[in-house]
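**Student:** The structure's right below; bear with me while I get my questions together.
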Amino acid sequence: MWDGWEADEPGGAIVSEPARLAVVPQPAGPPPTWRPRDLTDVLDGTYKVPVPEIGRRNDGIGLFYAGRMHSVVGESEGGKTWFALMVVASELAAGNAVVFIDFEDDAPGVVGRLLALGADRQHIRDRFAYIRPEDPLSMGFNRQEIGQAMHDLRPTFVPVDGVTEGMAMHGLELKDNTDVAKFGRLLLRPIAEFGAAVATLDHVVKDKEGRGRYAIGGVHKLNGINGAMYILENRNPFGVGLTGRTTVRIAKDRPGQLRRHALPHTSGLHWFADFVLKSHDETFAEATLYPPIEDDGPVRHTDVMVRISNAIANAKEPLNVRGLEARVGGKKDVLATALAALVDEGYVEVAQGPNRAKLHTLLKPFEEEG
């Protein structure tokens with residue numbers, strides 16, 4: 001509900017300095033939430049289960065639920081903002097509006113990426129609002145300003161980038177579950193109750209083994225989500241002129257409509273999609289969200305194969321296995337599997353060296369497919 005977001009002006013007008021904004025009809029007040037709810041639609045069978053309709057995988061499966069709170073988390077530079085902007089571009093192309101709340105970047109950075117993804121300039125002018133807060137929501141006329149943007153645009157999607165910075169701005173402690181809940185009530189829940197799909201973009205803890213399903217900070221970040229939480233696991237870095245790849249896993253799906261379109265994984269986090277961003281230059285990038293593909297064959301570690309190929313190419317002499325391990329790193333069994341694939345496919349040649357060592361020479365560079 002929009003508790004406290006509208007100005008207490010006669011007739012329900014919203015006021016902003018220096019100019020008076022348009023008059024917006026205001027409700028008499030929020031409904032009493034402690035009153036027993038009407039269960040008629042549930043009991044008579046007319047209730048409709050929420051389905052994800054905001055954003056799309058390339059096979060048409062939706063990503064986010066209207067009117068619910070979501071989270072997209074991953075390591076730094078793992079593609080979280082690109083992932084959100086892919087959804088922004090698709091919503092604008094579908095004729096919908098978007099409000100982007102950004103505590104991290106700036107307007108040129110965000111809009112520049114949108115344009116690179118092919119978003120129409122007129123659509124951005126007409127149906128996209130970029131908000132870069134620099135002081136708390138409670139100061140001045142900030143509540144009225146964001147309330148006006150929501151009333152004017154009626155957005156279907158509202159990404160909130162930089163939750164860590166946003167909470168700090170409001171004097172809230174990131175690791176305090178109570179403060180996490182306060183931030184949700186302050187900003188996220190009112191937006192969701194307006195009908196938009198809200199998606200916070202957040203960081204995961206650095207410890208891959210210990211992070212589980214949680215982002216940096218309180219457990220309430222997961223418990224407070226009534227939509228879905230996605231974890232992005234980067235496989236190839238994103239950058240200008242590069243093809244970045246990230247595995248998209250489901251950490252939570254409260255309405256329960258997404259996992260049936262995903263594949264189970266030993267981590268307990270279902271594999272929902274592969275997010276691929278092919279950057280041609282600063283002005284043109286292609287973003288695609290591929291559905292998962294069942295593969296009963298051997299695992300193909302193409303990212304490690306690239307690193308092995310580069311390591312051999314940059315070495316001054318043929319490398320033995322120990323030399324490859326020192327340069328490539330990672331798990332030894334994964335390196336062995338990737339190296340065997342390079343040999344079998346004719347990229348690397350193996351010769352006998354001193355003391356029965358196996359020396360590896362590059363026959364041709366390996367570049368990851370796709």
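Residues are referred to by chain and number: the chain letter is A, B, ... according to the order shown in the structure tokens, the number counts from 1 in that chain, and ligands are numbered separately from 1 in the order shown.
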Could you name the residues that touch Gly74 (chain A) at 6 Å or less, counting only C-alpha atoms, but leaving out those on the same chain fewer than 6 positions away, as a list in words?
**Tutor:** His203, Val204, Ile231 and Leu232 of chain A
**Student:** Quick one: residues within 6 Å of region 179-193 of chain A, only C-alpha atoms, excluding same-chain residues fewer than 3 positions away - as a PyMOL selection string?
**Tutor:** chain A and resi 1-2+67-68+172-173+176+196-198
**Student:** Point out the residue among A:Gly60, A:Gly244, A:Pro264, A:Pro108 with the least atom-to-atom distance to Leu277 (chain A), counting only C-alpha atoms.
**Tutor:**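 For Leu277 (chain A), the nearest of the candidates is A:Gly244.
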**Student:** Would you return as a ChimeraX atom specification the members of region 14-225 of chain A that DSSP assigns to helix (DSSP H, G or I) on this structure's backbone?
**Tutor:** /A:40-43,80-93,107-116,121-127,142-153,163-169,177-193,208-211,220-223
**Student:** Near Arg249 (chain A), counting only C-alpha atoms, which residues have an atom at most 7 Å away, once you skip same-chain residues fewer than 5 positions from it, shown as a list in words?
**Tutor:**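 My reading of the contact set: Tyr230, Ile231, Leu232, Leu269, His270, Trp271 and Phe272 of chain A.
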**Student:** May I ask which of the residues A:Gly118, A:Pro36, A:Pro291, A:Gly323 is the closest one to Arg260 (chain A), counting only C-alpha atoms?
**Tutor:** A:Pro291
**Student:** Can you pull out the residues contacting region 80-93 of chain A? Cut-off 8 Å, using only C-alpha atoms, and skip same-chain residues under 3 positions away; I want them as a list in words.
**Tutor:**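 My reading of the contact set: Ile54, Gly55, Arg56, Val72, Val73, Gly74, Glu77, Asn96, Ala97, Val98, Arg113, Leu114, Leu117, Gly118, Ala119, Asp120, His123, Ile124, Arg127, Phe128, Thr156, Phe157, Pro159, Asp161, Leu201, Asp202, Leu232, Phe275 and Ala287 of chain A.
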**Student:** Would you save the residues from that selection as an mmCIF file, in the first residue's frame, using C-alpha atoms?
**Tutor:**
data_model
loop_
_atom_site.group_PDB
_atom_site.id
_atom_site.type_symbol
_atom_site.label_atom_id
_atom_site.label_comp_id
_atom_site.auth_asym_id
_atom_site.auth_seq_id
_atom_site.Cartn_x
_atom_site.Cartn_y
_atom_site.Cartn_z
ATOM 1 C CA ILE A 54 7.028 -10.100 -16.928
ATOM 2 C CA GLY A 55 10.086 -10.725 -19.096
ATOM 3 C CA ARG A 56 10.498 -13.829 -21.206
ATOM 4 C CA VAL A 72 18.269 -11.274 -8.738
ATOM 5 C CA VAL A 73 21.595 -11.973 -7.059
ATOM 6 C CA GLY A 74 25.093 -12.815 -8.234
ATOM 7 C CA GLU A 77 30.042 -8.185 -12.808
ATOM 8 C CA ASN A 96 4.530 -1.424 -21.165
ATOM 9 C CA ALA A 97 6.230 1.086 -18.872
ATOM 10 C CA VAL A 98 9.208 0.664 -16.538
ATOM 11 C CA ARG A 113 22.964 -0.204 -22.206
ATOM 12 C CA LEU A 114 19.263 -0.072 -23.053
ATOM 13 C CA LEU A 117 20.115 -3.775 -26.481
ATOM 14 C CA GLY A 118 17.971 -2.190 -29.197
ATOM 15 C CA ALA A 119 15.395 -0.340 -27.099
ATOM 16 C CA ASP A 120 13.520 2.314 -29.080
ATOM 17 C CA HIS A 123 9.742 4.248 -26.031
ATOM 18 C CA ILE A 124 12.392 5.268 -23.509
ATOM 19 C CA ARG A 127 7.462 4.960 -20.956
ATOM 20 C CA PHE A 128 10.732 4.748 -19.017
ATOM 21 C CA THR A 156 4.786 -3.387 -15.076
ATOM 22 C CA PHE A 157 8.430 -3.769 -13.988
ATOM 23 C CA PRO A 159 14.166 -3.011 -10.977
ATOM 24 C CA ASP A 161 19.698 -1.787 -8.417
ATOM 25 C CA LEU A 201 19.561 -6.589 -7.811
ATOM 26 C CA ASP A 202 21.904 -7.738 -5.084
ATOM 27 C CA LEU A 232 23.265 -15.821 -11.493
ATOM 28 C CA PHE A 275 21.786 -15.865 -20.001
ATOM 29 C CA ALA A 287 20.910 -10.595 -25.001
#
**Student:** For Thr302 (chain A), which residue among A:Leu153, A:Leu342, A:Leu319, A:Ala262 is the nearest when counting only C-alpha atoms?
**Tutor:**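 Nearest candidate to Thr302 (chain A) out of A:Leu153, A:Leu342, A:Leu319, A:Ala262: A:Leu342.
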